[in-house]
Structures are given as C-alpha cells and as structure tokens.
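Novice: Pasting data-v6.csv below, which is CSV, C-alpha atoms and all ligand atoms.
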chain,number,residue,atom,x,y,z
A,1,MET,CA,-74.3,-27.6,65.0
A,2,TYR,CA,-75.3,-27.5,61.3
A,3,PRO,CA,-75.9,-24.2,59.4
A,4,ALA,CA,-79.4,-23.3,58.4
A,5,SER,CA,-80.1,-24.5,54.9
A,6,PHE,CA,-79.0,-22.2,52.0
A,7,GLU,CA,-78.7,-22.2,48.2
A,8,TYR,CA,-75.1,-22.7,47.0
A,9,HIS,CA,-73.9,-20.8,43.9
A,10,ALA,CA,-70.5,-21.3,42.2
A,11,PRO,CA,-70.2,-18.6,39.6
A,12,ALA,CA,-67.6,-18.9,36.8
A,13,THR,CA,-66.9,-15.2,36.4
A,14,LEU,CA,-66.6,-12.1,38.6
A,15,GLN,CA,-69.4,-10.4,36.7
A,16,GLU,CA,-71.7,-13.4,37.4
A,17,ALA,CA,-70.7,-13.3,41.1
A,18,ILE,CA,-71.5,-9.6,41.3
A,19,ALA,CA,-74.8,-10.1,39.5
A,20,LEU,CA,-75.8,-12.9,42.0
A,21,LEU,CA,-75.0,-10.5,44.9
A,22,GLY,CA,-77.1,-7.8,43.2
A,23,LYS,CA,-80.0,-10.3,42.7
A,24,TYR,CA,-80.1,-11.7,46.3
A,25,GLY,CA,-78.9,-8.5,48.2
A,26,ASP,CA,-78.8,-8.9,52.0
A,27,ASP,CA,-79.8,-12.6,51.6
A,28,ALA,CA,-76.5,-13.5,50.0
A,29,LYS,CA,-72.9,-13.9,51.4
A,30,VAL,CA,-69.7,-14.4,49.6
A,31,LEU,CA,-67.6,-17.5,50.5
A,32,SER,CA,-63.8,-17.6,50.1
A,33,GLY,CA,-61.8,-19.8,52.5
A,34,SER,CA,-64.9,-20.6,54.7
A,35,GLN,CA,-62.8,-20.4,57.9
A,36,SER,CA,-64.9,-17.5,59.4
A,37,LEU,CA,-68.2,-17.7,57.5
A,38,ILE,CA,-68.9,-21.4,58.1
A,39,PRO,CA,-68.3,-21.2,61.9
A,40,LEU,CA,-70.6,-18.1,62.0
A,41,MET,CA,-73.3,-20.0,60.0
A,42,LYS,CA,-72.9,-23.1,62.3
A,43,LEU,CA,-73.5,-20.9,65.3
A,44,ARG,CA,-76.5,-19.3,63.4
A,45,LEU,CA,-74.9,-15.9,63.9
A,46,ALA,CA,-75.1,-15.7,60.1
A,47,GLN,CA,-77.9,-17.3,58.1
A,48,PRO,CA,-77.6,-16.3,54.5
A,49,ALA,CA,-80.2,-17.8,52.2
A,50,HIS,CA,-77.6,-17.8,49.3
A,51,VAL,CA,-73.9,-18.5,49.5
A,52,VAL,CA,-71.8,-17.3,46.5
A,53,ASP,CA,-68.6,-19.3,46.4
A,54,LEU,CA,-65.7,-17.3,44.7
A,55,ARG,CA,-63.3,-20.3,44.5
A,56,LYS,CA,-64.1,-21.1,40.8
A,57,LEU,CA,-63.2,-17.6,39.6
A,58,ASP,CA,-60.0,-17.2,37.6
A,59,GLY,CA,-57.4,-14.6,38.4
A,60,LEU,CA,-58.0,-14.2,42.1
A,61,THR,CA,-55.0,-16.1,43.4
A,62,GLY,CA,-51.3,-15.7,43.3
A,63,VAL,CA,-48.7,-12.9,43.7
A,64,LYS,CA,-47.1,-10.9,40.9
A,65,GLN,CA,-44.9,-7.9,40.7
A,66,VAL,CA,-46.3,-5.0,38.7
A,67,GLY,CA,-43.9,-2.1,38.4
A,68,ASN,CA,-43.1,-1.1,42.0
A,69,GLU,CA,-46.0,-3.1,43.6
A,70,LEU,CA,-46.9,-6.6,44.6
A,71,HIS,CA,-50.4,-7.6,43.5
A,72,ILE,CA,-51.9,-10.4,45.6
A,73,GLY,CA,-55.1,-12.1,44.6
A,74,ALA,CA,-57.8,-11.9,47.3
A,75,LEU,CA,-58.3,-15.7,47.2
A,76,THR,CA,-54.6,-16.5,47.9
A,77,THR,CA,-54.5,-18.6,51.0
A,78,HIS,CA,-52.4,-17.8,54.1
A,79,ALA,CA,-50.3,-21.0,53.4
A,80,ALA,CA,-49.6,-20.1,49.8
A,81,LEU,CA,-48.4,-16.6,50.9
A,82,GLY,CA,-46.2,-18.0,53.6
A,83,LYS,CA,-44.5,-20.2,50.9
A,84,ASN,CA,-44.4,-17.8,48.0
A,85,GLU,CA,-40.8,-16.9,47.1
A,86,LEU,CA,-41.5,-13.4,45.7
A,87,PHE,CA,-43.7,-12.5,48.7
A,88,ARG,CA,-41.1,-13.9,51.2
A,89,SER,CA,-38.2,-12.0,49.6
A,90,LYS,CA,-40.0,-8.6,49.1
A,91,LEU,CA,-42.2,-8.6,52.3
A,92,PRO,CA,-40.6,-10.8,54.9
A,93,MET,CA,-42.8,-9.4,57.7
A,94,ALA,CA,-45.9,-10.4,55.8
A,95,ALA,CA,-44.6,-13.9,55.0
A,96,GLU,CA,-43.8,-14.5,58.7
A,97,ALA,CA,-47.2,-13.3,59.7
A,98,ALA,CA,-48.9,-15.7,57.2
A,99,GLY,CA,-47.1,-18.6,58.9
A,100,GLN,CA,-48.5,-17.7,62.3
A,101,ILE,CA,-52.2,-17.6,61.4
A,102,GLY,CA,-54.3,-20.4,63.0
A,103,ASP,CA,-53.4,-24.0,62.4
A,104,ALA,CA,-52.5,-25.8,59.1
A,105,GLN,CA,-56.1,-26.2,58.1
A,106,VAL,CA,-56.9,-22.6,58.6
A,107,ARG,CA,-53.8,-21.5,56.7
A,108,ASN,CA,-54.5,-23.9,53.8
A,109,LEU,CA,-58.1,-22.8,53.4
A,110,GLY,CA,-58.3,-19.2,54.7
A,111,THR,CA,-57.6,-16.3,52.3
A,112,ILE,CA,-56.0,-12.9,52.7
A,113,GLY,CA,-59.1,-11.2,51.1
A,114,GLY,CA,-61.5,-13.2,53.4
A,115,SER,CA,-59.6,-12.1,56.4
A,116,LEU,CA,-59.7,-8.4,55.5
A,117,ALA,CA,-63.4,-8.6,54.6
A,118,HIS,CA,-64.2,-10.4,57.8
A,119,ALA,CA,-62.3,-7.7,59.8
A,120,ASP,CA,-61.8,-9.6,63.1
A,121,PRO,CA,-60.3,-7.1,65.6
A,122,SER,CA,-57.7,-9.8,66.5
A,123,ALA,CA,-56.7,-10.8,63.0
A,124,ASP,CA,-53.1,-10.7,61.7
A,125,TRP,CA,-53.4,-9.4,58.1
A,126,PRO,CA,-55.0,-6.0,59.1
A,127,ALA,CA,-52.0,-5.1,61.2
A,128,VAL,CA,-49.4,-6.2,58.7
A,129,LEU,CA,-51.2,-4.6,55.8
A,130,VAL,CA,-51.8,-1.3,57.6
A,131,ALA,CA,-48.1,-1.2,58.6
A,132,LEU,CA,-47.3,-1.7,54.9
A,133,ASP,CA,-49.8,1.0,53.9
A,134,ALA,CA,-51.4,-1.5,51.5
A,135,SER,CA,-54.5,-1.0,49.4
A,136,VAL,CA,-57.3,-3.2,48.2
A,137,VAL,CA,-59.1,-3.4,44.9
A,138,VAL,CA,-62.8,-3.9,45.1
A,139,ALA,CA,-65.2,-4.8,42.3
A,140,GLY,CA,-68.9,-4.1,42.4
A,141,PRO,CA,-72.0,-3.2,40.4
A,142,ARG,CA,-70.6,0.3,39.8
A,143,GLY,CA,-67.1,-1.0,38.6
A,144,GLU,CA,-63.8,-1.1,40.4
A,145,ARG,CA,-62.3,1.1,43.1
A,146,THR,CA,-59.3,1.0,45.4
A,147,MET,CA,-58.9,2.1,49.0
A,148,LYS,CA,-56.3,1.8,51.7
A,149,VAL,CA,-56.7,-1.1,54.1
A,150,GLU,CA,-56.7,1.5,56.8
A,151,GLU,CA,-59.9,2.9,55.3
A,152,LEU,CA,-61.4,-0.5,54.6
A,153,ILE,CA,-61.6,-1.7,58.2
A,154,VAL,CA,-63.9,0.5,60.1
A,155,GLY,CA,-64.8,-1.6,63.2
A,156,PRO,CA,-65.2,-5.0,64.6
A,157,LEU,CA,-66.4,-7.3,61.8
A,158,THR,CA,-67.3,-4.1,59.8
A,159,THR,CA,-65.7,-2.8,56.6
A,160,ALA,CA,-66.3,0.0,54.1
A,161,LEU,CA,-67.3,-2.6,51.5
A,162,GLN,CA,-70.7,-1.6,49.9
A,163,PRO,CA,-73.4,-4.1,49.2
A,164,GLY,CA,-72.5,-6.3,46.2
A,165,GLU,CA,-68.8,-5.5,46.4
A,166,ILE,CA,-66.1,-8.2,46.2
A,167,LEU,CA,-62.5,-7.7,47.3
A,168,THR,CA,-60.4,-8.9,44.4
A,169,GLN,CA,-56.8,-7.9,45.1
A,170,VAL,CA,-54.4,-6.5,47.7
A,171,ARG,CA,-51.7,-4.1,46.5
A,172,VAL,CA,-48.5,-3.4,48.4
A,173,ALA,CA,-45.8,-0.9,47.2
A,174,LEU,CA,-42.4,-2.4,47.5
A,175,PRO,CA,-40.5,-0.9,50.4
A,176,PRO,CA,-37.6,1.5,49.5
A,177,ALA,CA,-34.0,0.7,50.4
A,178,ARG,CA,-33.1,0.5,54.1
A,179,THR,CA,-36.8,-0.2,54.9
A,180,ALA,CA,-38.2,-3.4,56.4
A,181,GLY,CA,-40.7,-4.8,58.9
A,182,ALA,CA,-41.3,-7.5,61.5
A,183,TYR,CA,-44.4,-9.0,63.0
A,184,GLU,CA,-44.6,-10.2,66.6
A,185,LYS,CA,-47.7,-11.6,68.3
A,186,LEU,CA,-48.8,-13.3,71.4
A,187,PRO,CA,-51.2,-16.0,70.1
A,188,ASN,CA,-54.2,-17.1,72.0
A,189,PRO,CA,-53.2,-20.7,72.9
A,190,ALA,CA,-56.5,-22.1,71.6
A,191,SER,CA,-57.3,-20.2,68.4
A,192,ARG,CA,-53.9,-18.6,67.6
A,193,PHE,CA,-55.7,-15.3,67.0
A,194,ALA,CA,-53.5,-12.4,68.3
A,195,VAL,CA,-54.0,-11.5,72.0
A,196,VAL,CA,-51.8,-8.6,70.8
A,197,GLY,CA,-50.0,-8.5,67.5
A,198,VAL,CA,-47.6,-5.8,66.4
A,199,ALA,CA,-46.5,-5.1,62.8
A,200,ALA,CA,-43.6,-2.6,62.6
A,201,GLU,CA,-42.4,-1.2,59.3
A,202,ILE,CA,-39.3,1.1,59.7
A,203,SER,CA,-37.3,3.1,57.3
A,204,LEU,CA,-33.7,4.2,58.2
A,205,ASP,CA,-31.6,7.1,56.8
A,206,GLY,CA,-27.9,6.8,56.0
A,207,ARG,CA,-27.0,7.5,59.6
A,208,ASN,CA,-29.3,4.7,61.0
A,209,ASN,CA,-31.8,7.2,62.3
A,210,VAL,CA,-35.5,6.5,61.9
A,211,GLN,CA,-36.8,8.4,58.8
A,212,TRP,CA,-40.3,7.1,59.3
A,213,SER,CA,-42.2,4.2,60.9
A,214,ARG,CA,-45.6,2.7,60.6
A,215,ILE,CA,-46.6,0.6,63.6
A,216,ALA,CA,-50.0,-1.2,63.6
A,217,ILE,CA,-51.4,-3.2,66.4
A,218,THR,CA,-54.1,-5.9,66.4
A,219,GLY,CA,-56.0,-7.3,69.4
A,220,LEU,CA,-55.7,-4.1,71.3
A,221,ALA,CA,-58.8,-2.1,70.2
A,222,SER,CA,-62.0,-2.7,68.4
A,223,LYS,CA,-60.1,-2.6,65.1
A,224,VAL,CA,-56.5,-2.5,63.9
A,225,THR,CA,-54.9,0.7,65.3
A,226,ARG,CA,-51.7,2.7,64.4
A,227,ALA,CA,-49.5,3.3,67.5
A,228,GLN,CA,-49.0,7.0,66.6
A,229,GLY,CA,-47.3,7.7,70.0
A,230,VAL,CA,-44.5,5.2,69.0
A,231,GLU,CA,-44.2,6.5,65.5
A,232,GLN,CA,-43.8,10.1,66.7
A,233,ALA,CA,-41.3,9.1,69.4
A,234,LEU,CA,-39.1,7.2,66.9
A,235,GLN,CA,-39.1,9.9,64.2
A,236,GLY,CA,-35.6,11.2,63.6
A,237,LYS,CA,-34.1,9.2,66.6
A,238,ALA,CA,-31.2,6.9,66.5
A,239,ALA,CA,-32.5,3.4,65.9
A,240,ASP,CA,-30.8,2.0,68.9
A,241,PRO,CA,-32.3,-0.3,71.6
A,242,ALA,CA,-32.7,2.4,74.2
A,243,ALA,CA,-34.6,4.7,71.9
A,244,ILE,CA,-36.8,1.8,70.7
A,245,LYS,CA,-37.6,0.7,74.3
A,246,ALA,CA,-38.5,4.3,75.3
A,247,ALA,CA,-40.7,4.8,72.2
A,248,SER,CA,-42.4,1.3,72.6
A,249,ALA,CA,-43.6,2.3,76.1
A,250,ARG,CA,-46.0,4.6,74.3
A,251,ALA,CA,-47.6,1.7,72.3
A,252,ALA,CA,-51.1,2.1,73.8
A,253,ASP,CA,-51.1,5.9,74.1
A,254,GLY,CA,-54.3,7.4,72.8
A,255,ILE,CA,-55.8,4.0,71.9
A,256,GLU,CA,-59.2,3.0,73.4
A,257,LEU,CA,-58.3,-0.4,74.8
A,258,ARG,CA,-60.6,-3.4,74.5
A,259,ALA,CA,-61.0,-5.8,77.4
A,260,ASP,CA,-61.9,-9.4,76.3
A,261,LEU,CA,-61.5,-12.9,77.6
A,262,SER,CA,-57.8,-12.9,76.8
A,263,GLY,CA,-56.9,-9.9,79.1
A,264,SER,CA,-57.6,-6.7,80.8
A,265,PRO,CA,-56.8,-3.3,79.2
A,266,ALA,CA,-53.8,-2.9,81.5
A,267,TYR,CA,-52.4,-6.3,80.6
A,268,LYS,CA,-52.9,-5.6,76.9
A,269,ALA,CA,-51.2,-2.2,77.2
A,270,GLN,CA,-48.2,-3.9,78.7
A,271,LEU,CA,-48.2,-6.6,76.0
A,272,ALA,CA,-48.4,-3.9,73.3
A,273,ALA,CA,-45.2,-2.2,74.7
A,274,VAL,CA,-43.3,-5.5,74.9
A,275,TYR,CA,-44.3,-6.8,71.4
A,276,THR,CA,-43.8,-3.3,69.8
A,277,GLU,CA,-40.2,-3.3,71.2
A,278,ARG,CA,-39.5,-6.8,69.8
A,279,ALA,CA,-41.0,-6.0,66.4
A,280,ALA,CA,-39.2,-2.7,66.1
A,281,LEU,CA,-35.9,-4.2,67.0
A,282,ARG,CA,-36.2,-6.9,64.4
A,283,ALA,CA,-37.5,-4.4,61.8
A,284,VAL,CA,-34.4,-2.2,62.3
A,285,ALA,CA,-32.0,-5.1,62.1
A,286,ARG,CA,-33.7,-6.1,58.8
A,287,ALA,CA,-33.7,-2.5,57.4
A,288,ARG,CA,-30.0,-2.2,58.0
A,289,GLU,CA,-29.4,-5.1,55.6
A,290,ARG,CA,-31.7,-3.9,52.8
B,301,LIG,C1,-59.6,-22.2,64.4
B,301,LIG,C2,-59.3,-20.9,63.7
B,301,LIG,C3,-58.2,-20.2,64.0
B,301,LIG,C4,-57.9,-19.0,63.4
B,301,LIG,N1,-56.8,-18.3,63.7
B,301,LIG,C5,-56.5,-17.1,63.1
B,301,LIG,C6,-55.4,-16.4,63.5
B,301,LIG,O1,-54.5,-16.8,64.3
B,301,LIG,N2,-55.2,-15.2,62.9
B,301,LIG,C7,-56.1,-14.7,61.9
B,301,LIG,O2,-55.8,-13.6,61.4
B,301,LIG,N3,-57.2,-15.4,61.6
B,301,LIG,C8,-57.4,-16.5,62.2
B,301,LIG,N4,-58.5,-17.2,61.8
B,301,LIG,C9,-59.4,-16.7,60.7
B,301,LIG,C10,-58.9,-17.1,59.3
B,301,LIG,O3,-57.7,-16.4,59.0
B,301,LIG,C11,-59.9,-16.9,58.2
B,301,LIG,O4,-59.3,-17.5,57.1
B,301,LIG,C12,-60.3,-15.5,57.8
B,301,LIG,O5,-60.7,-14.8,58.9
B,301,LIG,C13,-61.4,-15.5,56.8
B,301,LIG,O6,-60.9,-15.8,55.6
B,301,LIG,P1,-61.7,-16.8,54.7
B,301,LIG,O7,-61.1,-16.8,53.3
B,301,LIG,O8,-61.8,-18.1,55.4
B,301,LIG,O9,-63.2,-16.1,54.5
B,301,LIG,P2,-64.6,-16.7,54.6
B,301,LIG,O10,-64.8,-17.4,55.9
B,301,LIG,O11,-65.0,-17.4,53.4
B,301,LIG,O12,-65.4,-15.3,54.7
B,301,LIG,C14,-65.3,-14.4,55.8
B,301,LIG,C15,-66.2,-13.2,55.6
B,301,LIG,O13,-65.7,-12.4,54.6
B,301,LIG,C16,-66.6,-12.3,53.4
B,301,LIG,N5,-65.7,-12.4,52.3
B,301,LIG,C17,-64.8,-13.4,52.0
B,301,LIG,N6,-64.1,-13.2,50.9
B,301,LIG,C18,-64.5,-12.0,50.5
B,301,LIG,C19,-64.1,-11.2,49.3
B,301,LIG,N7,-63.2,-11.6,48.5
B,301,LIG,N8,-64.8,-10.0,49.1
B,301,LIG,C20,-65.8,-9.6,50.0
B,301,LIG,N9,-66.2,-10.3,51.1
B,301,LIG,C21,-65.5,-11.5,51.3
B,301,LIG,C22,-67.6,-13.4,53.6
B,301,LIG,O14,-68.8,-13.1,53.0
B,301,LIG,C23,-67.6,-13.5,55.1
B,301,LIG,O15,-68.5,-12.5,55.6
B,301,LIG,C24,-58.8,-18.5,62.4
B,301,LIG,C25,-60.0,-19.2,62.0
B,301,LIG,C26,-60.2,-20.4,62.7
B,301,LIG,C27,-61.5,-21.2,62.3
Please lay out the structure from this file as structure tokens.

Specialist:
Amino acid sequence: MYPASFEYHAPATLQEAIALLGKYGDDAKVLSGSQSLIPLMKLRLAQPAHVVDLRKLDGLTGVKQVGNELHIGALTTHAALGKNELFRSKLPMAAEAAGQIGDAQVRNLGTIGGSLAHADPSADWPAVLVALDASVVVAGPRGERTMKVEELIVGPLTTALQPGEILTQVRVALPPARTAGAYEKLPNPASRFAVVGVAAEISLDGRNNVQWSRIAITGLASKVTRAQGVEQALQGKAADPAAIKAASARAADGIELRADLSGSPAYKAQLAAVYTERAALRAVARARER
C-alpha cells in the first residue's frame, strides 16, 4: 500500500526543522531512518500532511568522547554504531545489540534516535540504554533539555517528547573499572524484534561481589522495564553462576507482563529468567577483565 500524499521538507538546519514543526504542528512528522514511520504511513496508521526529513542536518551523526561521556548523534544508524571502534571498545554491550537489530537494510537506514522516539515496546535500544543509564538531548522551540532514557519512554509508542521537539543526541557515561554489560535476546524469527531482550550492566568490587547492577528488559511489558527483583537479589552477592541463576529467576517479579502474538505472559516470564541469566553471566565475565 502507498502512503497518503504528503508534503516533503528537507531543512538544512536544526532551527529550520524546529520552525517547520512549529508551523505545521500535529500535521507534521519528523523522518530519520524511515524504518518505522514509512511502514506506519503505508498502513495509514500515520497520515502526516508534512514530513520533515532530518537527514540533511549537520552534526547529528557519529560518536565522540567528551570528557567521561560518549555523545552519539541521534541520526547515527544502527549499522554505523555496530562498526564504530570507539563505541565497540567502550560499550561492547551496545555494539553487540546494534548488530542484532532487524536485517541489513533496517540497520543501514534505521537510527538510534528514531528508535528511541518511536518507543516500540520490543525495541532493543531502550533496554540497552536504560541499563547504561543513558540520557538524551532534545531540542525544541524553548531551547535544549536533557532527560534520562528511562524518563523519555513512557509507554508503547509514547515518549515524553513535547510537540516540536527533536531528539538530537544520546549521552552515555563511560562505565567505571570492573563494570561491563551484555545483551541477550530471543529475536522474532520474522522481524528480529525482541520477543524478550535483556541488557545487563554489572559492576564488581575488588572481591568479585556485585556492587550494583542495572538490568533492563524489552518485549516483556508495555515499555522497557528494569528487573528490580534481580538487581536487589544480586546486590552485594558473589558474582558466581549459582547466585546469578537464583537472582535471574526473579526477572519478571513485579512487572505487568504483556501477552502478544509471540507468547503468553508465562512463556515470556520464563524467557526473561533464562535471558537474564545469560546476559548477567557474560556481563560479569566482561567486568572481570575491565
Ligand atoms: C523489518 C523491520 C525489522 C526491525 N527489527 C527491529 C529489531 O530487531 N529491533 C529494533 O529495535 N528495531 C527494529 N526495527 C525498527 C528499526 O530499528 C527502526 O529503525 C526504528 O524503530 C526507527 O528508527 P528510524 O530512524 O527508522 O525512525 P523513523 O522511522 O524515521 O521515525 C520513527 C518515529 O520516530 C520519530 N522520530 C524519528 N527521529 C526522531 C528524532 N530525532 N526526534 C524526534 N522524533 C523522531 C518519527 O517522527 C517517527 O514517529 C525494525 C524495523 C523493520 C522495518
């Protein structure tokens, strides 16, 4: 099916893009990698009269280190992130997740900012970036603001972005020593979206006990969710396989599970425990080497 007709805009500056969004209001949609918006438009689930393409804007792609943070342009594609040396060396969990998104076309066109703004409850970036306690920079008619990814994503396909706001950058603090993450997902065999995906970031103390952990799960609920039962169970414990297995059994504790075509709540709860254990074991192995 073809999308309904629309007017296409390709602004040259961020200010111009924000002005276009202000001018056309609810009739306008921003376009980044097109991998979620165009399918929605073809299904006529979205029918914007104006599409504002961000791809001609300067400065919204790439990864750079600024002090103790990585700054990632919102229009950086999944493929570019999977290959970026700085990104791979500093955030191996995030690089491995990038390589598991969709197929080659989706990875070459889809962007990290588009994925966060779209807020699909089975998307990979939200889990990885919540586990990394990442923030986003947002530009809008009232200037710039930052917020945690955990605050940005409020529900299925729903974010805290205000009308006219554009997500411009993702910021991740570099993990301290003896801290690392791993991402494990069961992909839907057709789309590769996560049936369940678990991002585990774990920090060890000098005796290999867990100092803290951030475990974020996608696919399980109506939005990315922290597995607080696991985080509490791991706290202060020896990071050994028995303790990790016992803690991982609590992956779905307190989470309102979402049934969908890929599985019942009971099946997803079981998957969450298994994939949490796998992710945590690999995160601990990486943390010991860092
Ligand atoms: C076949 C297929 C398989 C896929 N598999 C996976 C998968 O395995 N895992 C996964 O996580 N995702 C998957 N995706 C989704 C993919 O990652 C998309 O790239 C992503 O969801 C949207 O990014 P985009 O850059 O394409 O955004 P677009 O499609 O251009 O935009 C998506 C939405 O976000 C808004 N938006 C975009 N950029 C911004 C911005 N900078 N500021 C504010 N709003 C913005 C748009 O207005 C639109 O509402 C798949 C998609 C397809 C088609």

Novice: Neighbours of ligand LIG 301 (chain B) within 6 Å, counting all atoms listed in the file, as a ChimeraX atom specification?

Specialist: /A:29-37,74,101-102,106,110-111,113-115,117-118,123-125,166-168,191-193

Novice: Which of these residues is nearest to A:Leu271, using only C-alpha atoms: A:Pro126, A:Gly140, A:Pro241, A:Gly197?

Specialist: A:Gly197

Novice: So that I can check the surroundings of A:Glu289, please list as a list in words every protein, DNA and RNA residue that reaches within 10 Å of it, counting only C-alpha atoms and ignoring chain neighbours fewer than 5 positions away.

Specialist: Ala177, Arg178, Thr179, Ala180 and Val284 of chain A

Novice: Which one is closest to A:Ala19: A:Pro92, A:Gly219, A:Gly164, A:Pro176? Count only C-alpha atoms.

Specialist: A:Gly164

Novice: Stretch 35-98 of chain A near stretch 201-215 of chain A within 12 Å: what's each residue's closest atom pair and its distance in Å to one decimal, counting all atoms listed in the file, ordered by chain then ascending residue number, as a Markdown table?

Specialist:
| residue | atom | partner | partner_atom | distance |
| --- | --- | --- | --- | --- |
| A:Leu91 | CA | A:Glu201 | CA | 10.2 |
| A:Pro92 | CA | A:Glu201 | CA | 10.7 |
| A:Met93 | CA | A:Glu201 | CA | 8.4 |
| A:Ala94 | CA | A:Glu201 | CA | 10.4 |

Novice: Quick one: everything within 10 Å of stretch 141-152 of chain A, counting all atoms listed in the file, minus sequence neighbours fewer than 5 positions away in the same chain. Send it as a PyMOL selection string.

Specialist: chain A and resi 15+18-19+21-22+116-117+119+125-127+129-136+158-172+216+223-226

Novice: Please report the interatomic distance between atom CA of A:Gly62 and atom CA of A:Arg286 in Å with one decimal.

Specialist: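 We find that atom CA of A:Gly62 and atom CA of A:Arg286 lie 25.3 Å from each other.
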
Novice: Which distance in Å separates atom CA of A:Asp58 and atom CA of A:Leu157, to one decimal?

Specialist: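 Separating atom CA of A:Asp58 from atom CA of A:Leu157 is a distance of 26.9 Å.
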
Novice: Quick one, how far is atom CA of A:Ala139 from atom CA of A:Glu7?

Specialist: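 These two atoms are separated by 22.8 Å.
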
Novice: Using all atoms listed in the file, which of A:Arg107, A:Arg278, A:Arg258, A:Lys83 sits nearest A:Pro121?

Specialist: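 Selected residue with least distance to A:Pro121: A:Arg258.
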
Novice: Nearest residue to A:Gln100 out of A:Leu186, A:Val52, A:Leu86, A:Leu43, using only C-alpha atoms?

Specialist: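 Looking at the shortest contact to A:Gln100, the residue is A:Leu186.
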
Novice: Hey, what's within 8 Å of stretch 251-256 of chain A if we count all atoms listed in the file and toss same-chain stuff fewer than 2 positions away? As a list in words, please?

Specialist: Ala221, Thr225, Ala227, Gln228, Gly229, Val230, Ala247, Ser248, Ala249, Arg258, Ala269, Ala272, Ala273 and Thr276 of chain A

Novice: So which one's closest to A:His71, A:Ala17, A:Ala104, A:Leu109, A:Val137? Using all atoms listed in the file, please.

Specialist: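 Nearest candidate to A:His71 out of A:Ala17, A:Ala104, A:Leu109, A:Val137: A:Val137.
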
Novice: Which residue out of A:Thr13, A:Gly73, A:Val196, A:Ile217 has the minimum interatomic distance to A:Asp260 when all atoms listed in the file are used?

Specialist: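 Answer, going by the shortest atom-to-atom distance: A:Val196.
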
Novice: Please rebuild stretch 255-268 of chain A with N, CA, C and O atoms and return the result as a short mmCIF file (atom, residue, chain, number, x, y, z; two decimals), in the coordinates of the input.

Specialist:
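Output saved as rebuild-v9.cif:
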data_model
loop_
_atom_site.label_atom_id
_atom_site.label_comp_id
_atom_site.auth_asym_id
_atom_site.auth_seq_id
_atom_site.Cartn_x
_atom_site.Cartn_y
_atom_site.Cartn_z
N ILE A 255 -55.01 5.03 72.54
CA ILE A 255 -55.80 4.00 71.90
C ILE A 255 -56.89 3.53 72.96
O ILE A 255 -56.57 3.32 74.14
N GLU A 256 -58.12 3.42 72.50
CA GLU A 256 -59.20 3.00 73.40
C GLU A 256 -59.10 1.45 73.51
O GLU A 256 -59.44 0.72 72.56
N LEU A 257 -58.58 0.98 74.63
CA LEU A 257 -58.30 -0.40 74.80
C LEU A 257 -59.51 -1.28 74.97
O LEU A 257 -60.45 -0.86 75.63
N ARG A 258 -59.47 -2.50 74.40
CA ARG A 258 -60.60 -3.40 74.50
C ARG A 258 -60.33 -4.54 75.43
O ARG A 258 -59.35 -5.27 75.26
N ALA A 259 -61.14 -4.65 76.47
CA ALA A 259 -61.00 -5.80 77.40
C ALA A 259 -61.72 -6.98 76.73
O ALA A 259 -62.78 -6.80 76.13
N ASP A 260 -61.16 -8.16 76.76
CA ASP A 260 -61.90 -9.40 76.30
C ASP A 260 -61.42 -10.53 77.17
O ASP A 260 -60.71 -10.34 78.16
N LEU A 261 -61.80 -11.73 76.77
CA LEU A 261 -61.50 -12.90 77.60
C LEU A 261 -60.00 -13.15 77.72
O LEU A 261 -59.55 -13.84 78.62
N SER A 262 -59.23 -12.59 76.79
CA SER A 262 -57.80 -12.90 76.80
C SER A 262 -57.03 -11.87 77.70
O SER A 262 -55.82 -12.05 77.91
N GLY A 263 -57.68 -10.82 78.20
CA GLY A 263 -56.90 -9.90 79.10
C GLY A 263 -57.58 -8.60 79.34
O GLY A 263 -58.43 -8.15 78.57
N SER A 264 -57.14 -7.98 80.43
CA SER A 264 -57.60 -6.70 80.80
C SER A 264 -56.93 -5.60 79.96
O SER A 264 -55.88 -5.86 79.37
N PRO A 265 -57.47 -4.39 79.91
CA PRO A 265 -56.80 -3.30 79.20
C PRO A 265 -55.35 -3.10 79.68
O PRO A 265 -54.44 -2.90 78.87
N ALA A 266 -55.14 -3.15 80.99
CA ALA A 266 -53.80 -2.90 81.50
C ALA A 266 -52.80 -3.98 81.03
O ALA A 266 -51.66 -3.69 80.64
N TYR A 267 -53.26 -5.23 81.05
CA TYR A 267 -52.40 -6.30 80.60
C TYR A 267 -52.08 -6.16 79.09
O TYR A 267 -50.94 -6.29 78.66
N LYS A 268 -53.11 -5.80 78.31
CA LYS A 268 -52.90 -5.60 76.90
C LYS A 268 -51.97 -4.46 76.57
O LYS A 268 -51.16 -4.51 75.64
#
